[in-house]
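S.K.: What follows is the file input21.csv, containing CSV, C-alpha atoms:
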```csv
chain,number,residue,atom,x,y,z
X,308,MET,CA,12.6,32.9,-8.5
X,309,ARG,CA,11.6,29.4,-9.5
X,310,HIS,CA,10.4,27.0,-6.8
X,311,VAL,CA,13.2,24.6,-7.5
X,312,THR,CA,15.9,27.3,-7.3
X,313,ALA,CA,14.7,28.4,-3.8
X,314,GLU,CA,14.4,24.8,-2.7
X,315,ILE,CA,17.9,23.9,-3.8
X,316,ALA,CA,19.3,26.9,-1.9
X,317,SER,CA,17.5,26.0,1.3
X,318,GLN,CA,19.2,22.6,1.7
X,319,PRO,CA,21.8,23.5,4.2
X,320,GLU,CA,19.2,24.7,6.7
X,321,CYS,CA,17.0,21.6,6.0
X,322,TRP,CA,19.8,19.3,6.7
X,323,ALA,CA,20.6,21.0,10.0
X,324,LYS,CA,16.9,20.5,11.0
X,325,ALA,CA,17.1,16.8,10.0
X,326,VAL,CA,20.2,16.3,12.2
X,327,GLU,CA,18.3,17.8,15.2
X,328,LEU,CA,15.3,15.5,14.5
X,329,ALA,CA,17.3,12.3,14.0
X,330,PRO,CA,17.7,11.3,17.7
X,331,THR,CA,14.0,11.4,18.4
X,332,ALA,CA,12.6,10.2,15.1
X,333,ALA,CA,10.4,7.1,15.7
X,334,GLY,CA,10.7,4.0,13.7
X,335,LEU,CA,14.1,4.2,12.2
X,336,PRO,CA,16.0,0.9,12.1
X,337,ALA,CA,17.8,-0.3,15.3
X,338,PRO,CA,21.3,-1.8,14.9
X,339,GLY,CA,21.1,-5.4,14.0
X,340,GLU,CA,17.7,-5.3,12.3
X,341,ARG,CA,17.4,-6.7,8.8
X,342,VAL,CA,15.9,-3.9,6.8
X,343,ALA,CA,14.4,-3.2,3.4
X,344,VAL,CA,14.2,0.4,2.2
X,345,VAL,CA,11.9,1.2,-0.7
X,346,GLY,CA,10.8,4.2,-2.8
X,347,CYS,CA,10.1,5.3,-6.3
X,348,GLY,CA,12.3,7.4,-8.5
X,349,THR,CA,14.5,9.7,-6.5
X,350,SER,CA,13.3,8.1,-3.3
X,351,TRP,CA,14.6,4.8,-4.5
X,352,PHE,CA,18.0,6.2,-5.2
X,353,ILE,CA,18.2,7.7,-1.7
X,354,ALA,CA,17.2,4.3,-0.4
X,355,MET,CA,20.1,2.8,-2.3
X,356,SER,CA,22.6,5.3,-0.7
X,357,TYR,CA,21.2,4.7,2.8
X,358,ALA,CA,21.3,0.9,2.4
X,359,ALA,CA,25.0,1.0,1.4
X,360,LEU,CA,25.8,3.3,4.3
X,361,ARG,CA,24.0,1.3,6.9
X,362,GLU,CA,25.7,-2.0,5.9
X,363,ALA,CA,29.1,-0.3,5.8
X,364,ALA,CA,28.4,1.0,9.3
X,365,GLY,CA,27.9,-2.5,10.5
X,366,GLN,CA,24.3,-1.9,11.6
X,367,GLY,CA,22.7,-4.8,9.7
X,368,GLU,CA,21.8,-6.2,6.3
X,369,THR,CA,20.0,-3.6,4.4
X,370,ASP,CA,18.4,-3.9,0.9
X,371,ALA,CA,16.9,-1.2,-1.3
X,372,PHE,CA,14.1,-1.7,-3.8
X,373,ALA,CA,11.9,0.2,-6.2
X,374,ALA,CA,8.5,-0.2,-4.5
X,375,SER,CA,7.0,-1.8,-7.6
X,376,GLU,CA,9.7,-4.5,-7.5
X,377,PHE,CA,9.7,-5.5,-3.8
X,378,PRO,CA,10.2,-9.2,-3.3
X,379,PHE,CA,7.2,-10.1,-1.2
X,380,GLY,CA,8.4,-13.7,-0.8
X,381,ARG,CA,11.0,-12.3,1.7
X,382,VAL,CA,8.5,-11.2,4.2
X,383,ALA,CA,7.3,-14.8,4.8
X,384,ALA,CA,8.7,-17.3,7.3
X,385,ALA,CA,12.4,-17.2,8.0
X,386,GLY,CA,13.2,-14.7,5.3
X,387,ARG,CA,11.1,-11.9,6.7
X,388,TYR,CA,12.5,-8.4,7.2
X,389,ASP,CA,12.6,-6.9,10.7
X,390,ARG,CA,11.4,-3.5,9.3
X,391,ILE,CA,10.5,-1.9,6.0
X,392,VAL,CA,11.3,1.8,5.6
X,393,THR,CA,9.5,3.7,2.8
X,394,ILE,CA,10.5,7.1,1.5
X,395,THR,CA,7.8,9.1,-0.3
X,396,ARG,CA,7.8,12.9,-0.5
X,397,SER,CA,4.1,13.1,-1.5
X,398,GLY,CA,2.7,10.4,0.7
X,399,THR,CA,0.4,9.4,-2.2
X,400,THR,CA,2.5,7.2,-4.5
X,401,THR,CA,0.5,4.3,-5.6
X,402,GLU,CA,3.2,1.6,-5.4
X,403,VAL,CA,4.3,2.6,-1.9
X,404,LEU,CA,0.8,2.6,-0.5
X,405,ALA,CA,0.1,-0.7,-2.1
X,406,LEU,CA,3.2,-2.2,-0.6
X,407,LEU,CA,2.4,-1.0,2.9
X,408,ASP,CA,-1.1,-2.3,2.6
X,409,ARG,CA,0.2,-5.7,1.6
X,410,VAL,CA,2.6,-6.1,4.5
X,411,ARG,CA,0.4,-4.5,7.2
X,412,GLY,CA,0.5,-6.6,10.4
X,413,ILE,CA,3.3,-8.8,9.0
X,414,VAL,CA,6.4,-6.5,9.1
X,415,PRO,CA,6.8,-3.2,11.1
X,416,THR,CA,6.8,-0.3,8.7
X,417,THR,CA,8.2,3.3,8.8
X,418,ALA,CA,7.5,6.0,6.3
X,419,ILE,CA,9.5,9.2,5.7
X,420,THR,CA,7.3,11.8,4.0
X,421,GLY,CA,7.0,15.5,3.4
X,422,ASP,CA,3.2,15.9,3.6
X,423,PRO,CA,1.2,15.0,6.7
X,424,ARG,CA,-2.1,15.5,5.0
X,425,THR,CA,-1.9,12.3,2.9
X,426,PRO,CA,-2.8,8.6,3.1
X,427,ILE,CA,0.8,7.7,4.2
X,428,MET,CA,0.0,8.9,7.7
X,429,THR,CA,-2.2,5.9,8.4
X,430,ALA,CA,-0.6,3.4,5.9
X,431,ALA,CA,2.6,3.0,8.0
X,432,ASP,CA,3.1,2.0,11.6
X,433,ASP,CA,5.5,4.9,12.2
X,434,VAL,CA,5.7,8.1,10.2
X,435,ILE,CA,8.5,10.7,10.1
X,436,VAL,CA,7.3,14.0,8.6
X,437,LEU,CA,9.9,16.3,7.0
X,438,GLU,CA,7.3,19.0,6.2
X,439,PHE,CA,10.0,21.7,6.4
X,440,ALA,CA,11.7,20.0,3.4
X,441,ASP,CA,8.5,19.5,1.3
X,442,GLU,CA,8.6,21.1,-2.1
X,443,LYS,CA,6.3,22.8,-4.7
X,444,SER,CA,8.5,21.9,-7.7
X,445,VAL,CA,7.8,18.6,-9.4
X,446,VAL,CA,11.5,17.9,-9.4
X,447,GLN,CA,12.8,16.6,-6.1
X,448,THR,CA,15.8,18.2,-4.6
X,449,ARG,CA,15.7,19.2,-0.9
X,450,PHE,CA,13.3,16.5,0.3
X,451,ALA,CA,15.5,13.7,-1.0
X,452,THR,CA,18.8,15.1,0.4
X,453,THR,CA,17.1,16.0,3.7
X,454,ALA,CA,15.8,12.4,4.1
X,455,LEU,CA,19.3,11.1,3.5
X,456,ALA,CA,20.7,13.6,6.0
X,457,LEU,CA,18.2,12.3,8.6
X,458,LEU,CA,19.2,8.8,7.9
X,459,ARG,CA,23.0,9.5,7.9
X,460,ALA,CA,22.6,11.4,11.2
X,461,HIS,CA,20.7,8.4,12.7
X,462,LEU,CA,23.6,6.2,11.7
X,463,GLY,CA,25.8,8.4,13.9
X,464,GLU,CA,27.5,10.5,11.2
X,465,ASP,CA,28.5,14.0,12.1
X,466,LEU,CA,27.1,16.1,9.2
X,467,THR,CA,28.7,19.4,10.3
X,468,CYS,CA,31.2,19.4,7.4
X,469,ALA,CA,28.5,18.2,4.9
X,470,ILE,CA,26.3,21.1,5.8
X,471,ALA,CA,29.2,23.5,5.4
X,472,ASP,CA,29.9,21.9,2.0
X,473,ALA,CA,26.3,22.3,1.1
X,474,ARG,CA,26.5,26.1,1.7
X,475,THR,CA,29.6,26.1,-0.6
X,476,ALA,CA,27.8,24.1,-3.3
X,477,VAL,CA,24.8,26.4,-3.3
X,478,ALA,CA,26.9,29.4,-4.2
X,479,ALA,CA,29.8,27.9,-6.2
X,480,PRO,CA,30.0,29.1,-9.9
X,481,LEU,CA,29.2,26.5,-12.6
X,482,ALA,CA,32.0,26.3,-15.2
X,483,ASP,CA,31.3,26.7,-18.9
X,484,THR,CA,32.8,23.2,-19.3
X,485,LEU,CA,29.7,21.9,-17.5
X,486,THR,CA,27.0,24.2,-18.7
X,487,GLY,CA,28.0,23.7,-22.3
X,488,ALA,CA,28.6,20.0,-22.3
X,489,GLU,CA,26.5,17.8,-24.5
X,490,GLN,CA,26.6,14.6,-22.4
X,491,PHE,CA,27.2,13.5,-18.8
X,492,SER,CA,28.1,10.2,-17.2
X,493,PHE,CA,27.7,10.2,-13.4
X,494,LEU,CA,29.9,7.7,-11.5
X,495,GLY,CA,29.7,6.4,-7.9
X,496,THR,CA,31.2,3.8,-5.6
X,497,GLY,CA,29.5,2.3,-2.5
X,498,TRP,CA,26.9,4.7,-1.1
X,499,THR,CA,27.5,7.3,-3.8
X,500,ASN,CA,26.1,5.0,-6.5
X,501,GLY,CA,22.7,6.1,-5.4
X,502,LEU,CA,23.7,9.7,-5.7
X,503,ALA,CA,25.2,9.2,-9.2
X,504,THR,CA,21.9,7.6,-10.3
X,505,GLU,CA,19.9,10.5,-8.8
X,506,ALA,CA,22.2,13.0,-10.5
X,507,GLY,CA,21.5,11.4,-13.9
X,508,LEU,CA,17.7,11.5,-13.2
X,509,LYS,CA,17.8,15.1,-12.1
X,510,MET,CA,19.5,16.2,-15.4
X,511,ARG,CA,17.0,14.1,-17.5
X,512,GLU,CA,13.9,15.4,-15.6
X,513,ALA,CA,14.7,19.1,-15.4
X,514,ALA,CA,16.9,19.6,-18.5
X,515,CYS,CA,16.0,16.7,-20.9
X,516,ALA,CA,19.8,16.2,-20.9
X,517,TRP,CA,21.6,13.2,-22.2
X,518,THR,CA,22.9,11.5,-19.1
X,519,GLU,CA,23.9,8.1,-17.9
X,520,SER,CA,25.0,6.7,-14.5
X,521,TYR,CA,27.2,3.8,-13.5
X,522,PRO,CA,29.2,2.3,-10.7
X,523,ALA,CA,32.7,3.7,-11.4
X,524,MET,CA,34.3,0.3,-12.1
X,525,GLU,CA,31.5,-0.7,-14.4
X,526,TYR,CA,31.9,2.5,-16.4
X,527,ARG,CA,35.2,1.0,-17.6
X,528,HIS,CA,33.5,-2.1,-18.9
X,529,GLY,CA,32.0,-0.4,-22.0
X,530,PRO,CA,30.3,2.9,-21.1
X,531,ILE,CA,33.5,4.8,-21.1
X,532,SER,CA,33.3,4.6,-24.9
X,533,ILE,CA,30.6,7.3,-24.8
X,534,THR,CA,32.9,9.9,-23.3
X,535,GLY,CA,34.8,12.3,-25.5
X,536,PRO,CA,35.3,16.0,-26.3
X,537,ASN,CA,32.6,18.2,-24.8
X,538,ARG,CA,31.3,15.3,-22.7
X,539,VAL,CA,31.7,15.0,-18.9
X,540,ALA,CA,32.4,12.1,-16.5
X,541,TRP,CA,31.3,13.3,-13.0
X,542,GLY,CA,32.6,11.3,-10.1
X,543,PHE,CA,31.0,11.4,-6.6
X,544,GLY,CA,33.6,10.8,-4.0
X,545,ALA,CA,36.9,8.8,-4.5
X,546,LEU,CA,37.2,7.1,-7.9
X,547,PRO,CA,39.2,3.9,-8.7
X,548,ASP,CA,43.0,4.4,-9.3
X,549,GLY,CA,43.8,5.1,-13.0
X,550,LEU,CA,40.3,6.1,-14.0
X,551,ASP,CA,41.2,9.7,-14.3
X,552,ALA,CA,43.9,8.9,-16.9
X,553,GLN,CA,41.5,6.7,-18.9
X,554,ILE,CA,39.0,9.5,-19.0
X,555,ALA,CA,41.6,12.0,-20.0
X,556,ALA,CA,42.6,9.7,-22.9
X,557,THR,CA,39.0,10.0,-24.3
X,558,GLY,CA,39.3,13.8,-24.5
X,559,GLY,CA,36.4,14.1,-22.1
X,560,HIS,CA,36.3,16.2,-18.9
X,561,LEU,CA,36.5,14.6,-15.5
X,562,GLU,CA,34.6,16.5,-12.8
X,563,THR,CA,35.4,15.7,-9.2
X,564,SER,CA,35.0,17.6,-5.9
X,565,THR,CA,36.3,17.6,-2.4
X,566,LEU,CA,32.9,18.4,-1.1
X,567,ASP,CA,30.8,15.8,0.7
X,568,PRO,CA,29.2,13.8,-2.1
X,569,MET,CA,25.7,14.7,-0.9
X,570,ALA,CA,26.7,18.4,-1.1
X,571,ASP,CA,28.2,17.8,-4.6
X,572,LEU,CA,24.8,16.6,-5.7
X,573,ILE,CA,23.6,20.1,-5.1
X,574,ARG,CA,25.9,21.3,-7.9
X,575,VAL,CA,24.2,18.8,-10.3
X,576,GLN,CA,20.8,20.1,-9.2
X,577,ARG,CA,21.9,23.7,-10.0
X,578,LEU,CA,23.4,22.6,-13.3
X,579,ALA,CA,20.2,20.9,-14.3
X,580,VAL,CA,18.3,24.1,-13.7
X,581,ALA,CA,20.8,26.2,-15.6
X,582,ILE,CA,20.7,23.9,-18.6
X,583,ALA,CA,16.9,23.7,-18.5
X,584,GLU,CA,16.6,27.5,-18.5
X,585,ALA,CA,19.2,27.9,-21.3
X,586,ARG,CA,17.0,25.5,-23.4
X,587,GLY,CA,13.8,27.4,-22.6
X,588,LEU,CA,12.4,24.7,-20.4
X,589,ASP,CA,10.6,25.1,-17.0
X,590,PRO,CA,12.5,22.9,-14.5
X,591,ASP,CA,9.5,23.3,-12.0
X,592,GLN,CA,7.3,21.5,-14.5
X,593,PRO,CA,9.2,18.9,-16.4
X,594,ARG,CA,7.6,17.3,-19.5
X,595,HIS,CA,5.3,14.4,-18.9
X,596,LEU,CA,5.8,14.4,-15.1
X,597,THR,CA,3.7,15.1,-12.1
X,598,ARG,CA,4.6,15.7,-8.4
X,599,SER,CA,3.3,12.2,-7.5
X,600,VAL,CA,2.6,9.2,-9.6
X,601,ILE,CA,-0.9,8.0,-8.8
X,602,LEU,CA,-2.1,5.1,-10.9
X,603,PRO,CA,-5.8,4.2,-11.6
```
Could I get this file's structure written as C-alpha cells?
M.R.:
Amino acid sequence: MRHVTAEIASQPECWAKAVELAPTAAGLPAPGERVAVVGCGTSWFIAMSYAALREAAGQGETDAFAASEFPFGRVAAAGRYDRIVTITRSGTTTEVLALLDRVRGIVPTTAITGDPRTPIMTAADDVIVLEFADEKSVVQTRFATTALALLRAHLGEDLTCAIADARTAVAAPLADTLTGAEQFSFLGTGWTNGLATEAGLKMREAACAWTESYPAMEYRHGPISITGPNRVAWGFGALPDGLDAQIAATGGHLETSTLDPMADLIRVQRLAVAIAEARGLDPDQPRHLTRSVILP
C-alpha cells in the first residue's frame, strides 16, 4: 500500500485524537483576539478555512496569509495582531521560519506541526505537535485535515458527525463519472473556499489533473464556461440557489455530498490517488515536489 493511501484512510482516527487534544492545546487563539493564520500551500488553504470559521463563530477578526505574503506593516503600532498562528507539517518551511524570526518578541506566535525534531520547536512561542498525523508522503492529506479538526474543535464544534462522515468517505466507491472526467472545478462558500482550493491542489499535485477552484458565486462570473460534457463541478457544502441548473445546462456533472465538507475532501484525496495510479504516476512522489520547501 502506498503511504498516501494509508494516510488518507487513517484520518477518522487522527481527527478523534485532535478533538481530545484541543481543550489542552497551548497557544490557540482566545476569543476576542485579532489573529493572523499563515502557512504555505496546503497549510495556507487550511488557514483560510479556519479564519472563516473563527470569524463566523464570533471569536474575533481572523486573517489568513501565505507566509511569503504576510503584511508585516500590520504588526506595528495600533495595527498589530494579538497572535500569529503558523501551520507547517514539516517544521522546516523557509518562509514560515523567516516570518517567525521577524516577529519574535513583537507578537505572540503559535505553531502547529507534525514533526517535533525540527527548527519550528524553538521558532515559535507555543508549539502544538500532531506527530500522530505526520506523513511520509510528499502529498499532504491527514496532517492538514487533522490540524483543521483541532482548530474546529477548539472553536467549540462537535466533530462527532464529521468523524463518522470521514469513515464513510474513506470507504465510499468513486463513480466512473469522477474517475473518467477530464476536468474539475471545485467550488466553495465561506469556510469551504479553503477546502475547494485545497481540493484543486491535491488533484494537481498527485494526478497532474486539470483542476480549478473558485468561490461558488464567482464561478458564475466566467469560469462556468469551462464546464461541459465529461467535466465536473464539485461543490463543498451548500451552493447558491440556481447554480445546479446552470451547471446542468453546460452538460457537465455537478458533484455534491451530504457529508461534512472536511470529510468530503477525503473523497477528492482518494480520487487524486486513483487518477494518478491510472496514469502511471506515483502519488507519493509528485513531479517537481519535495516534502518541504527549503530555500537557499
S.K.: Do you have the CA of Ala358 (chain X)-CA of Val342 (chain X) distance handy?
M.R.: 8.5 Å
S.K.: What is the CA of Asp370 (chain X)-CA of Ala540 (chain X) distance in Å, reported with one decimal?
M.R.: 27.5 Å
S.K.: Compare X:Val345, X:Leu360, X:Arg409, X:Pro338 by their minimum atom-to-atom distance to Asp389 (chain X), counting all atoms listed in the file, and give me the closest one.
M.R.: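 Of the candidates, the smallest distance to Asp389 (chain X) is held by X:Pro338.
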S.K.: Between X:Ser317, X:Ser520, X:Ser350, X:Ser564, which residue has the minimum interatomic distance to Glu442 (chain X), considering all atoms listed in the file?
M.R.: X:Ser317
S.K.: Applying 12 Å and only C-alpha atoms, which residues near Ala478 (chain X) remain after dropping the ones on its own chain fewer than 6 positions away? List them as a PDB file with C-alpha atoms, in the coordinates of the input.
M.R.:
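Written out: result-v3.pdb:
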```
ATOM      1  CA  THR X 312      15.900  27.300  -7.300  1.00  0.00           C
ATOM      2  CA  ILE X 315      17.900  23.900  -3.800  1.00  0.00           C
ATOM      3  CA  ALA X 316      19.300  26.900  -1.900  1.00  0.00           C
ATOM      4  CA  SER X 317      17.500  26.000   1.300  1.00  0.00           C
ATOM      5  CA  GLN X 318      19.200  22.600   1.700  1.00  0.00           C
ATOM      6  CA  PRO X 319      21.800  23.500   4.200  1.00  0.00           C
ATOM      7  CA  ALA X 471      29.200  23.500   5.400  1.00  0.00           C
ATOM      8  CA  ASP X 472      29.900  21.900   2.000  1.00  0.00           C
ATOM      9  CA  ALA X 570      26.700  18.400  -1.100  1.00  0.00           C
ATOM     10  CA  ASP X 571      28.200  17.800  -4.600  1.00  0.00           C
ATOM     11  CA  ILE X 573      23.600  20.100  -5.100  1.00  0.00           C
ATOM     12  CA  ARG X 574      25.900  21.300  -7.900  1.00  0.00           C
ATOM     13  CA  ARG X 577      21.900  23.700 -10.000  1.00  0.00           C
ATOM     14  CA  LEU X 578      23.400  22.600 -13.300  1.00  0.00           C
TER      15      LEU X 578
END
```
S.K.: One decimal, Å: what's the distance from CA of Asn500 (chain X) over to CA of Phe352 (chain X), could you say?
M.R.: 8.3 Å
S.K.: Can you pull out every residue within 8 Å of Val403 (chain X), counting all atoms listed in the file, but drop anything in the same chain fewer than 3 positions away, and send it as a list in words?
M.R.: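 In the requested form, the answer reads Val345, Gly346, Cys347, Ala374, Ser375, Thr393, Thr395, Thr399, Thr400, Leu406 and Leu407 of chain X.
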S.K.: Could you give me, as a PDB file with C-alpha atoms, in the coordinates of the input, the residues that sit within 9 Å of (20.4, 12.8, 8.9) in the file's coordinates, counting all atoms listed in the file?
M.R.:
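Written file, out-v9.pdb:
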```pdb
ATOM      1  CA  TRP X 322      19.800  19.300   6.700  1.00  0.00           C
ATOM      2  CA  ALA X 323      20.600  21.000  10.000  1.00  0.00           C
ATOM      3  CA  LYS X 324      16.900  20.500  11.000  1.00  0.00           C
ATOM      4  CA  ALA X 325      17.100  16.800  10.000  1.00  0.00           C
ATOM      5  CA  VAL X 326      20.200  16.300  12.200  1.00  0.00           C
ATOM      6  CA  GLU X 327      18.300  17.800  15.200  1.00  0.00           C
ATOM      7  CA  LEU X 328      15.300  15.500  14.500  1.00  0.00           C
ATOM      8  CA  ALA X 329      17.300  12.300  14.000  1.00  0.00           C
ATOM      9  CA  THR X 452      18.800  15.100   0.400  1.00  0.00           C
ATOM     10  CA  THR X 453      17.100  16.000   3.700  1.00  0.00           C
ATOM     11  CA  ALA X 454      15.800  12.400   4.100  1.00  0.00           C
ATOM     12  CA  LEU X 455      19.300  11.100   3.500  1.00  0.00           C
ATOM     13  CA  ALA X 456      20.700  13.600   6.000  1.00  0.00           C
ATOM     14  CA  LEU X 457      18.200  12.300   8.600  1.00  0.00           C
ATOM     15  CA  LEU X 458      19.200   8.800   7.900  1.00  0.00           C
ATOM     16  CA  ARG X 459      23.000   9.500   7.900  1.00  0.00           C
ATOM     17  CA  ALA X 460      22.600  11.400  11.200  1.00  0.00           C
ATOM     18  CA  HIS X 461      20.700   8.400  12.700  1.00  0.00           C
ATOM     19  CA  LEU X 462      23.600   6.200  11.700  1.00  0.00           C
ATOM     20  CA  GLY X 463      25.800   8.400  13.900  1.00  0.00           C
ATOM     21  CA  GLU X 464      27.500  10.500  11.200  1.00  0.00           C
ATOM     22  CA  ASP X 465      28.500  14.000  12.100  1.00  0.00           C
ATOM     23  CA  LEU X 466      27.100  16.100   9.200  1.00  0.00           C
TER      24      LEU X 466
END
```
S.K.: Missing atoms in region 457-466 of chain X: can you complete it with all heavy atoms, as an mmCIF file, in the frame of the given file?
M.R.:
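Full text of selection-v6.cif as output:
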```
data_model
loop_
_atom_site.group_PDB
_atom_site.id
_atom_site.type_symbol
_atom_site.label_atom_id
_atom_site.label_comp_id
_atom_site.auth_asym_id
_atom_site.auth_seq_id
_atom_site.Cartn_x
_atom_site.Cartn_y
_atom_site.Cartn_z
ATOM 1 N N LEU X 457 18.836 12.940 7.386
ATOM 2 C CA LEU X 457 18.200 12.300 8.600
ATOM 3 C C LEU X 457 18.765 10.941 8.814
ATOM 4 O O LEU X 457 19.156 10.584 9.940
ATOM 5 C CB LEU X 457 16.704 12.302 8.390
ATOM 6 C CG LEU X 457 15.924 11.535 9.462
ATOM 7 C CD1 LEU X 457 15.710 12.409 10.690
ATOM 8 C CD2 LEU X 457 14.575 11.060 8.908
ATOM 9 N N LEU X 458 18.798 10.145 7.770
ATOM 10 C CA LEU X 458 19.200 8.800 7.900
ATOM 11 C C LEU X 458 20.722 8.666 8.210
ATOM 12 O O LEU X 458 21.151 7.812 9.006
ATOM 13 C CB LEU X 458 18.897 8.010 6.606
ATOM 14 C CG LEU X 458 17.385 7.851 6.345
ATOM 15 C CD1 LEU X 458 17.132 7.416 4.902
ATOM 16 C CD2 LEU X 458 16.763 6.873 7.330
ATOM 17 N N ARG X 459 21.517 9.521 7.606
ATOM 18 C CA ARG X 459 23.000 9.500 7.900
ATOM 19 C C ARG X 459 23.193 9.925 9.373
ATOM 20 O O ARG X 459 24.026 9.317 10.067
ATOM 21 C CB ARG X 459 23.699 10.477 6.976
ATOM 22 C CG ARG X 459 23.786 10.006 5.540
ATOM 23 C CD ARG X 459 24.472 11.023 4.647
ATOM 24 N NE ARG X 459 25.899 11.171 4.979
ATOM 25 C CZ ARG X 459 26.717 12.031 4.362
ATOM 26 N NH1 ARG X 459 26.244 12.833 3.405
ATOM 27 N NH2 ARG X 459 27.986 12.086 4.701
ATOM 28 N N ALA X 460 22.483 10.934 9.828
ATOM 29 C CA ALA X 460 22.600 11.400 11.200
ATOM 30 C C ALA X 460 22.209 10.254 12.177
ATOM 31 O O ALA X 460 22.839 10.045 13.220
ATOM 32 C CB ALA X 460 21.826 12.628 11.468
ATOM 33 N N HIS X 461 21.149 9.534 11.822
ATOM 34 C CA HIS X 461 20.700 8.400 12.700
ATOM 35 C C HIS X 461 21.710 7.311 12.753
ATOM 36 O O HIS X 461 21.762 6.572 13.748
ATOM 37 C CB HIS X 461 19.349 7.906 12.179
ATOM 38 C CG HIS X 461 18.719 6.922 13.105
ATOM 39 N ND1 HIS X 461 18.749 5.560 12.872
ATOM 40 C CD2 HIS X 461 18.064 7.080 14.286
ATOM 41 C CE1 HIS X 461 18.136 4.933 13.859
ATOM 42 N NE2 HIS X 461 17.704 5.830 14.728
ATOM 43 N N LEU X 462 22.533 7.171 11.714
ATOM 44 C CA LEU X 462 23.600 6.200 11.700
ATOM 45 C C LEU X 462 24.790 6.626 12.579
ATOM 46 O O LEU X 462 25.738 5.867 12.771
ATOM 47 C CB LEU X 462 24.078 5.890 10.307
ATOM 48 C CG LEU X 462 23.098 5.141 9.396
ATOM 49 C CD1 LEU X 462 23.648 5.053 7.988
ATOM 50 C CD2 LEU X 462 22.796 3.755 9.943
ATOM 51 N N GLY X 463 24.728 7.859 13.061
ATOM 52 C CA GLY X 463 25.800 8.400 13.900
ATOM 53 C C GLY X 463 26.804 9.250 13.199
ATOM 54 O O GLY X 463 27.811 9.647 13.788
ATOM 55 N N GLU X 464 26.542 9.597 11.947
ATOM 56 C CA GLU X 464 27.500 10.500 11.200
ATOM 57 C C GLU X 464 27.363 11.907 11.706
ATOM 58 O O GLU X 464 26.266 12.395 12.011
ATOM 59 C CB GLU X 464 27.168 10.431 9.718
ATOM 60 C CG GLU X 464 27.503 9.131 9.032
ATOM 61 C CD GLU X 464 27.475 9.281 7.522
ATOM 62 O OE1 GLU X 464 28.021 10.280 7.009
ATOM 63 O OE2 GLU X 464 26.901 8.401 6.857
ATOM 64 N N ASP X 465 28.483 12.584 11.761
ATOM 65 C CA ASP X 465 28.500 14.000 12.100
ATOM 66 C C ASP X 465 28.439 14.758 10.718
ATOM 67 O O ASP X 465 29.344 14.663 9.884
ATOM 68 C CB ASP X 465 29.834 14.362 12.772
ATOM 69 C CG ASP X 465 29.932 15.831 13.156
ATOM 70 O OD1 ASP X 465 29.069 16.624 12.733
ATOM 71 O OD2 ASP X 465 30.893 16.196 13.863
ATOM 72 N N LEU X 466 27.364 15.473 10.498
ATOM 73 C CA LEU X 466 27.100 16.100 9.200
ATOM 74 C C LEU X 466 27.545 17.610 9.224
ATOM 75 O O LEU X 466 27.192 18.354 8.308
ATOM 76 C CB LEU X 466 25.661 16.021 8.821
ATOM 77 C CG LEU X 466 25.140 14.609 8.539
ATOM 78 C CD1 LEU X 466 23.745 14.676 7.917
ATOM 79 C CD2 LEU X 466 26.071 13.827 7.632
#
```
